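Engineer: The structure follows.
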Amino acid sequence: MNTRFVLPAALVLSTAAASAQSALIREDDPAPGGAAGELVTSINGVSANQLGGYVTVLSTDIGGTTTSQIWGSFSGGAGALIRQETTIGNLLQGSFESSPGMGDSTVVYSALCENLATMTTSIDTVFTDATPIAVEEEPIPGSSDFWSFASRPRSLRDGTPVYTAGYRTTPTGSTAGRAFVIGTTELFRTGDTLPNMPFALSSNGIDFDSRASANGTHTIVVCDIDTASAEDIAVAIDGAGLVVAGTLLRESEPIPAALNPVGTENWDNFDFVGITEQGDYFITGDTDGDSATDEFIFRNGDFFVREGNTVDGQVITGSISHAFMNESGTLAYIWDVDTGAGSVEALFVESTLLLRVGDEVDWDGDGSIDPGFVLDDFTGIESMAIGSDGTVYFTADVITPGGELEGLFAIGGSGPSIGTNYCTALANSSGVPAVIRAQGSTTAADNDVTLIASSVPPLQFGIFLTSLVQDQMPLGGGNLCLGGQIGRYSLPAQIQQADAAGTFSLVLDLNQTPQGPGLIAIGAGESWNFQAWFRDGGFGANLTDGIEIDFD
């Protein structure tokens with residue numbers, strides 16, 4: 001996890017940039033599920049889950065009436081309307097904040113509401129689907145305090161929200177402090193002194209740059225600590241100040257010389273953060289050194305990229321607009337690059353340039369670049385996320401022949417998900433159920449299907465099973481979702497070992513007959529079911545859910 005990797009300032013990391021990208025939805029499109037004449041007017045923020053899914057917040061308009069929607073897909077592919085403003089209990093929802101979170105099958109979001117019981121307006125809230133989790137002026141469970149605000153929620157896989165909240169000592173009035181919250185449980189708040197930190201958290205002690213890993217095993221938070229003379233910024237992982245090479249990552253603390261190829265510098269500020277179930281983390285920020293080299297990405301205890309480095313032929317300059325790490329530890333980031341005629345924003349995954357301002361894009365979503373449709377700006381507070389398959393979702397303004405319009409795009413990755421999941425997987429020793437998904441083509445003649453099992457206990461061995469019949473019966477620590485004649489893909493090359501993130505996959509050869517009596521090779525016009533079996537500690541073995549693929 002903590003492999004050290006420092007980029008020399010002149011190192012070029014790769015020479016080829018990916019360019020395949022497509023718009024998923026656009027400003028001025030008909031509003032999903034809307035009335036005739038209702039149009040999308042803005043696209044605000046994006047999130048991705050562990051199943052290849054994505055969501056964004058849309059604003060729509062008809063006759064001057066604006067409505068917020070959450071739109072996307074939990075398993076990838078074509079998007080659909082998931083939620084829109086409605087009345088839930090006494091809460092009349094208004095506009096949604098532009099930072100949605102998503103679990104495997106749920107969305108988390110913040111909505112400004114009117115409390116119809118008290119007639120109070122502009123009530124700040126956090127919801128999971130139709131369930132209010134935190135509502136301004138209402139009591140905080142297990143506390144004598146009351147919610148003041150709840151902002152920029154993210155989500156665990158099971159739909160539990162992760163957010164920064166304000167609290168009050170009375171239902172109304174001034175905010176007394178902030179807390180870092182998962183669900184309704186405060187992990188820490190203003191006034192707490194965290195391990196490794198010399199002072200207590202200040203009144204603004206929890207920044208909005210805070211994250212939890214997919215199942216909530218690890219957390220990373222940018223904190224303000226009260227030094228009595230001024231507020232000071234530091235980073236906490238799992239509720240303790242992050243110490244690297246004997247030094248707390250804290251504003252004005254010296255950067256250890258062993259980590260810093262630039263020279264003598266101090267940490268200055270911290271911005272975007274992320275962390276995985278395996279404990280891999282990243283932090284963006286600045287040092288107090290030369291402004292030409294001060295911006296950085298710090299990853300697993302060392303500098304990954306610094307301003308002034310050359311990455312995929314691009315000289316990094318200026319500020320980082322956004323950064324995001326998926327559960328496999330793959331890092332995507334938007335950073336300015338020097339074109340020689342000025343700086344423009346560019347999108348990278350790890351060491352590869354994907355896209356930069358000035359590039360033409362696929363505006364109509366048909367998979368081909370549309371001449372004259374030019375990327376102008378990456379937009380929004382949460383403008384980008386990277387999914388489990390490496391697909392990057394981002395919002396951007398595009399110059400079109402009809403003027404500048406905003407779109408949600410997908411770029412890279414291994415393609416959209418196919419098939420329909422069914423059956424119930426049970427939690428394994430990783431703490432959550434394992435899931436199966438498929439990518440590629442449903443056309444049998446294409447022979448292009450990859451099966452992927454995720455949320456498997458790390459480093460455990462597994463195989464994929466198949467049948468023409470669906471079922472659900474207990475087996476090991478889970479449920480067997482297949483019936484009738486069950487085949488397996490278990491040649492030595494097909495026995496997989498999950499990686500450290502708990503994922504293994506298999507590229508199917510549809511011309512190969514699965515091992516098992518009475519089975520045939522997969523052909524057009526047939527519906528086949530698939531499931532992954534894997535070893536699982538005390539359970540002995542466990543299984544994912546099932547997936548059905550209709551081949552044409």
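Each chain in the structure tokens gets a letter, A, B and so on, in the order shown; residues start at 1 in every chain, and ligands are counted from 1 in the order they appear.
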Using only C-alpha atoms, find each residue of region 290-393 of chain A with at least one atom at most 8 Å away from an atom of region 409-414 of chain A; report its shortest atom-to-atom pair and that distance in Å (one decimal), sort the rows by chain and rising residue number, and return the result as a tab-separated table.

Structural biologist:
```
residue	atom	partner	partner_atom	distance
A:Leu354	CA	A:Ile411	CA	7.7
A:Asp389	CA	A:Gly413	CA	5.3
A:Gly390	CA	A:Gly413	CA	4.2
A:Thr391	CA	A:Gly413	CA	3.8
A:Val392	CA	A:Ile411	CA	5.3
A:Tyr393	CA	A:Ala410	CA	4.6
```

Engineer: Would you mind listing what lies within 7 Å of Ala444 (chain A) as a compact mmCIF listing (two decimals) with N, CA, C and O atoms, in the first residue's frame, with only C-alpha atoms counted and same-chain residues fewer than 2 positions away left out?

Structural biologist:
```txt
# COMPACT_ATOMS: atom_id res chain seq x y z
N THR A 442 -23.88 -8.05 -25.79
CA THR A 442 -24.83 -9.16 -25.68
C THR A 442 -24.99 -9.91 -26.99
O THR A 442 -25.74 -10.89 -27.06
N ASP A 446 -20.16 -11.52 -31.26
CA ASP A 446 -19.06 -10.63 -30.90
C ASP A 446 -18.07 -11.30 -29.96
O ASP A 446 -16.90 -10.90 -29.88
N ASN A 447 -18.55 -12.30 -29.20
CA ASN A 447 -17.70 -13.02 -28.24
C ASN A 447 -16.93 -12.02 -27.37
O ASN A 447 -15.71 -12.10 -27.22
N GLY A 523 -25.02 -19.44 -27.11
CA GLY A 523 -25.37 -19.04 -28.46
C GLY A 523 -26.42 -17.96 -28.49
O GLY A 523 -27.02 -17.59 -27.47
N ALA A 524 -26.67 -17.41 -29.68
CA ALA A 524 -27.65 -16.35 -29.86
C ALA A 524 -29.05 -16.85 -29.53
O ALA A 524 -29.38 -18.02 -29.76
N PHE A 551 -28.62 -13.18 -24.75
CA PHE A 551 -27.74 -13.07 -25.91
C PHE A 551 -28.56 -13.00 -27.20
O PHE A 551 -29.56 -13.71 -27.34
N ASP A 552 -28.15 -12.13 -28.08
CA ASP A 552 -28.84 -12.03 -29.37
C ASP A 552 -27.88 -12.38 -30.51
O ASP A 552 -26.73 -12.72 -30.29
```

Engineer: Name the residues in contact with Ala36 (chain A) at a cut-off of 12 Å, using only C-alpha atoms, excluding same-chain residues fewer than 2 positions from it; report them as number ranges by chain.

Structural biologist: A: 29-34, 38-39, 60-63

Engineer: Write the residues you've just listed into a file as a PDB file, in the first residue's frame, and include N, CA, C and O atoms for each of them.

Structural biologist:
```pdb
ATOM      1  N   ASP A  29     -31.557  19.110 -23.303  1.00  0.00           N
ATOM      2  CA  ASP A  29     -32.244  17.851 -23.575  1.00  0.00           C
ATOM      3  C   ASP A  29     -33.628  17.880 -22.922  1.00  0.00           C
ATOM      4  O   ASP A  29     -33.827  18.574 -21.904  1.00  0.00           O
ATOM      5  N   PRO A  30     -34.599  17.123 -23.440  1.00  0.00           N
ATOM      6  CA  PRO A  30     -35.870  16.978 -22.728  1.00  0.00           C
ATOM      7  C   PRO A  30     -35.644  16.427 -21.329  1.00  0.00           C
ATOM      8  O   PRO A  30     -34.813  15.525 -21.127  1.00  0.00           O
ATOM      9  N   ALA A  31     -36.340  16.968 -20.337  1.00  0.00           N
ATOM     10  CA  ALA A  31     -36.173  16.530 -18.953  1.00  0.00           C
ATOM     11  C   ALA A  31     -36.606  15.075 -18.809  1.00  0.00           C
ATOM     12  O   ALA A  31     -37.711  14.711 -19.245  1.00  0.00           O
ATOM     13  N   PRO A  32     -35.772  14.220 -18.229  1.00  0.00           N
ATOM     14  CA  PRO A  32     -36.175  12.824 -18.028  1.00  0.00           C
ATOM     15  C   PRO A  32     -37.450  12.731 -17.202  1.00  0.00           C
ATOM     16  O   PRO A  32     -37.538  13.285 -16.104  1.00  0.00           O
ATOM     17  N   GLY A  33     -38.459  12.063 -17.741  1.00  0.00           N
ATOM     18  CA  GLY A  33     -39.716  11.912 -17.026  1.00  0.00           C
ATOM     19  C   GLY A  33     -40.510  13.192 -16.891  1.00  0.00           C
ATOM     20  O   GLY A  33     -41.484  13.241 -16.136  1.00  0.00           O
ATOM     21  N   GLY A  34     -40.098  14.249 -17.601  1.00  0.00           N
ATOM     22  CA  GLY A  34     -40.737  15.548 -17.433  1.00  0.00           C
ATOM     23  C   GLY A  34     -41.919  15.748 -18.371  1.00  0.00           C
ATOM     24  O   GLY A  34     -42.252  14.898 -19.201  1.00  0.00           O
ATOM     25  N   GLU A  38     -40.457  20.550 -21.076  1.00  0.00           N
ATOM     26  CA  GLU A  38     -39.547  20.706 -19.925  1.00  0.00           C
ATOM     27  C   GLU A  38     -38.152  20.285 -20.353  1.00  0.00           C
ATOM     28  O   GLU A  38     -37.960  19.199 -20.907  1.00  0.00           O
ATOM     29  N   LEU A  39     -37.173  21.136 -20.076  1.00  0.00           N
ATOM     30  CA  LEU A  39     -35.812  20.915 -20.546  1.00  0.00           C
ATOM     31  C   LEU A  39     -34.814  20.881 -19.391  1.00  0.00           C
ATOM     32  O   LEU A  39     -35.038  21.491 -18.341  1.00  0.00           O
ATOM     33  N   THR A  60     -34.152  21.211 -14.070  1.00  0.00           N
ATOM     34  CA  THR A  60     -34.993  21.309 -15.253  1.00  0.00           C
ATOM     35  C   THR A  60     -35.877  22.541 -15.140  1.00  0.00           C
ATOM     36  O   THR A  60     -36.063  23.089 -14.049  1.00  0.00           O
ATOM     37  N   ASP A  61     -36.414  22.961 -16.273  1.00  0.00           N
ATOM     38  CA  ASP A  61     -37.260  24.152 -16.267  1.00  0.00           C
ATOM     39  C   ASP A  61     -38.401  23.984 -17.262  1.00  0.00           C
ATOM     40  O   ASP A  61     -38.220  23.465 -18.364  1.00  0.00           O
ATOM     41  N   ILE A  62     -39.587  24.414 -16.838  1.00  0.00           N
ATOM     42  CA  ILE A  62     -40.719  24.540 -17.741  1.00  0.00           C
ATOM     43  C   ILE A  62     -41.519  25.763 -17.302  1.00  0.00           C
ATOM     44  O   ILE A  62     -41.930  25.858 -16.139  1.00  0.00           O
ATOM     45  N   GLY A  63     -41.618  26.739 -18.187  1.00  0.00           N
ATOM     46  CA  GLY A  63     -42.367  27.949 -17.884  1.00  0.00           C
ATOM     47  C   GLY A  63     -41.851  28.715 -16.693  1.00  0.00           C
ATOM     48  O   GLY A  63     -42.622  29.367 -15.977  1.00  0.00           O
TER      49      GLY A  63
END
```

Engineer: Measuring between only C-alpha atoms, which one of A:Ile369, A:Val311, A:Leu451, A:Ile297 shows the shortest distance to Met325 (chain A)?

Structural biologist: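 Looking only at the distances to Met325 (chain A), the closest residue turns out to be A:Ile297.
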
Engineer: What's the 6 Å shell around Leu58 (chain A), counting only C-alpha atoms, without same-chain residues fewer than 4 positions away, as a list in words?

Structural biologist: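 Selected residues are Ser42, Ile43, Ser68 and Gln69 of chain A.
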
Engineer: For the selection you just gave me, I'd like the residues written to a file as an mmCIF file, in the first residue's frame, keeping all heavy atoms.

Structural biologist:
```cif
data_model
loop_
_atom_site.group_PDB
_atom_site.id
_atom_site.type_symbol
_atom_site.label_atom_id
_atom_site.label_comp_id
_atom_site.auth_asym_id
_atom_site.auth_seq_id
_atom_site.Cartn_x
_atom_site.Cartn_y
_atom_site.Cartn_z
ATOM 1 N N SER A 42 -29.351 22.627 -16.229
ATOM 2 C CA SER A 42 -27.999 22.552 -15.687
ATOM 3 C C SER A 42 -27.732 21.142 -15.183
ATOM 4 O O SER A 42 -28.662 20.381 -14.871
ATOM 5 C CB SER A 42 -27.773 23.568 -14.558
ATOM 6 O OG SER A 42 -28.562 23.268 -13.429
ATOM 7 N N ILE A 43 -26.439 20.806 -15.112
ATOM 8 C CA ILE A 43 -25.984 19.481 -14.680
ATOM 9 C C ILE A 43 -24.971 19.730 -13.582
ATOM 10 O O ILE A 43 -23.953 20.386 -13.809
ATOM 11 C CB ILE A 43 -25.385 18.707 -15.859
ATOM 12 C CG1 ILE A 43 -26.438 18.576 -16.974
ATOM 13 C CG2 ILE A 43 -24.899 17.340 -15.422
ATOM 14 C CD1 ILE A 43 -25.884 18.098 -18.292
ATOM 15 N N SER A 68 -35.383 20.019 -9.314
ATOM 16 C CA SER A 68 -34.161 19.233 -9.189
ATOM 17 C C SER A 68 -34.471 17.751 -9.391
ATOM 18 O O SER A 68 -35.499 17.255 -8.923
ATOM 19 C CB SER A 68 -33.516 19.430 -7.818
ATOM 20 O OG SER A 68 -32.977 20.711 -7.676
ATOM 21 N N GLN A 69 -33.556 17.078 -10.066
ATOM 22 C CA GLN A 69 -33.656 15.633 -10.284
ATOM 23 C C GLN A 69 -32.326 14.973 -9.977
ATOM 24 O O GLN A 69 -31.276 15.611 -10.053
ATOM 25 C CB GLN A 69 -34.002 15.314 -11.739
ATOM 26 C CG GLN A 69 -35.333 15.782 -12.240
ATOM 27 C CD GLN A 69 -35.587 15.282 -13.658
ATOM 28 O OE1 GLN A 69 -34.696 14.744 -14.319
ATOM 29 N NE2 GLN A 69 -36.819 15.444 -14.124
#
```

Engineer: What lies within 10 Å of Gln84 (chain A) using only C-alpha atoms, ignoring chain neighbours under 3 positions off, as number ranges by chain?

Structural biologist: A: 33, 57-59, 67-71, 81, 87, 93-96

Engineer: If you take only C-alpha atoms and a cut-off of 10 Å, which residues of region 284-309 of chain A touch region 328-342 of chain A, and what are their nearest atom pairs and distances in Å to one decimal, in chain and number order, as CSV?

Structural biologist:
```
residue,atom,partner,partner_atom,distance
A:Thr284,CA,A:Tyr333,CA,9.8
A:Glu295,CA,A:Trp335,CA,9.8
A:Ile297,CA,A:Tyr333,CA,9.3
A:Arg299,CA,A:Leu331,CA,9.6
A:Glu307,CA,A:Trp335,CA,9.2
A:Gly308,CA,A:Val337,CA,9.2
A:Asn309,CA,A:Val337,CA,10.0
```

Engineer: Can you work out which one of A:Pro371, A:Gly45, A:Gly518, A:Gly301 has the shortest atom-to-atom distance to Leu242 (chain A), counting only C-alpha atoms?

Structural biologist: A:Gly301
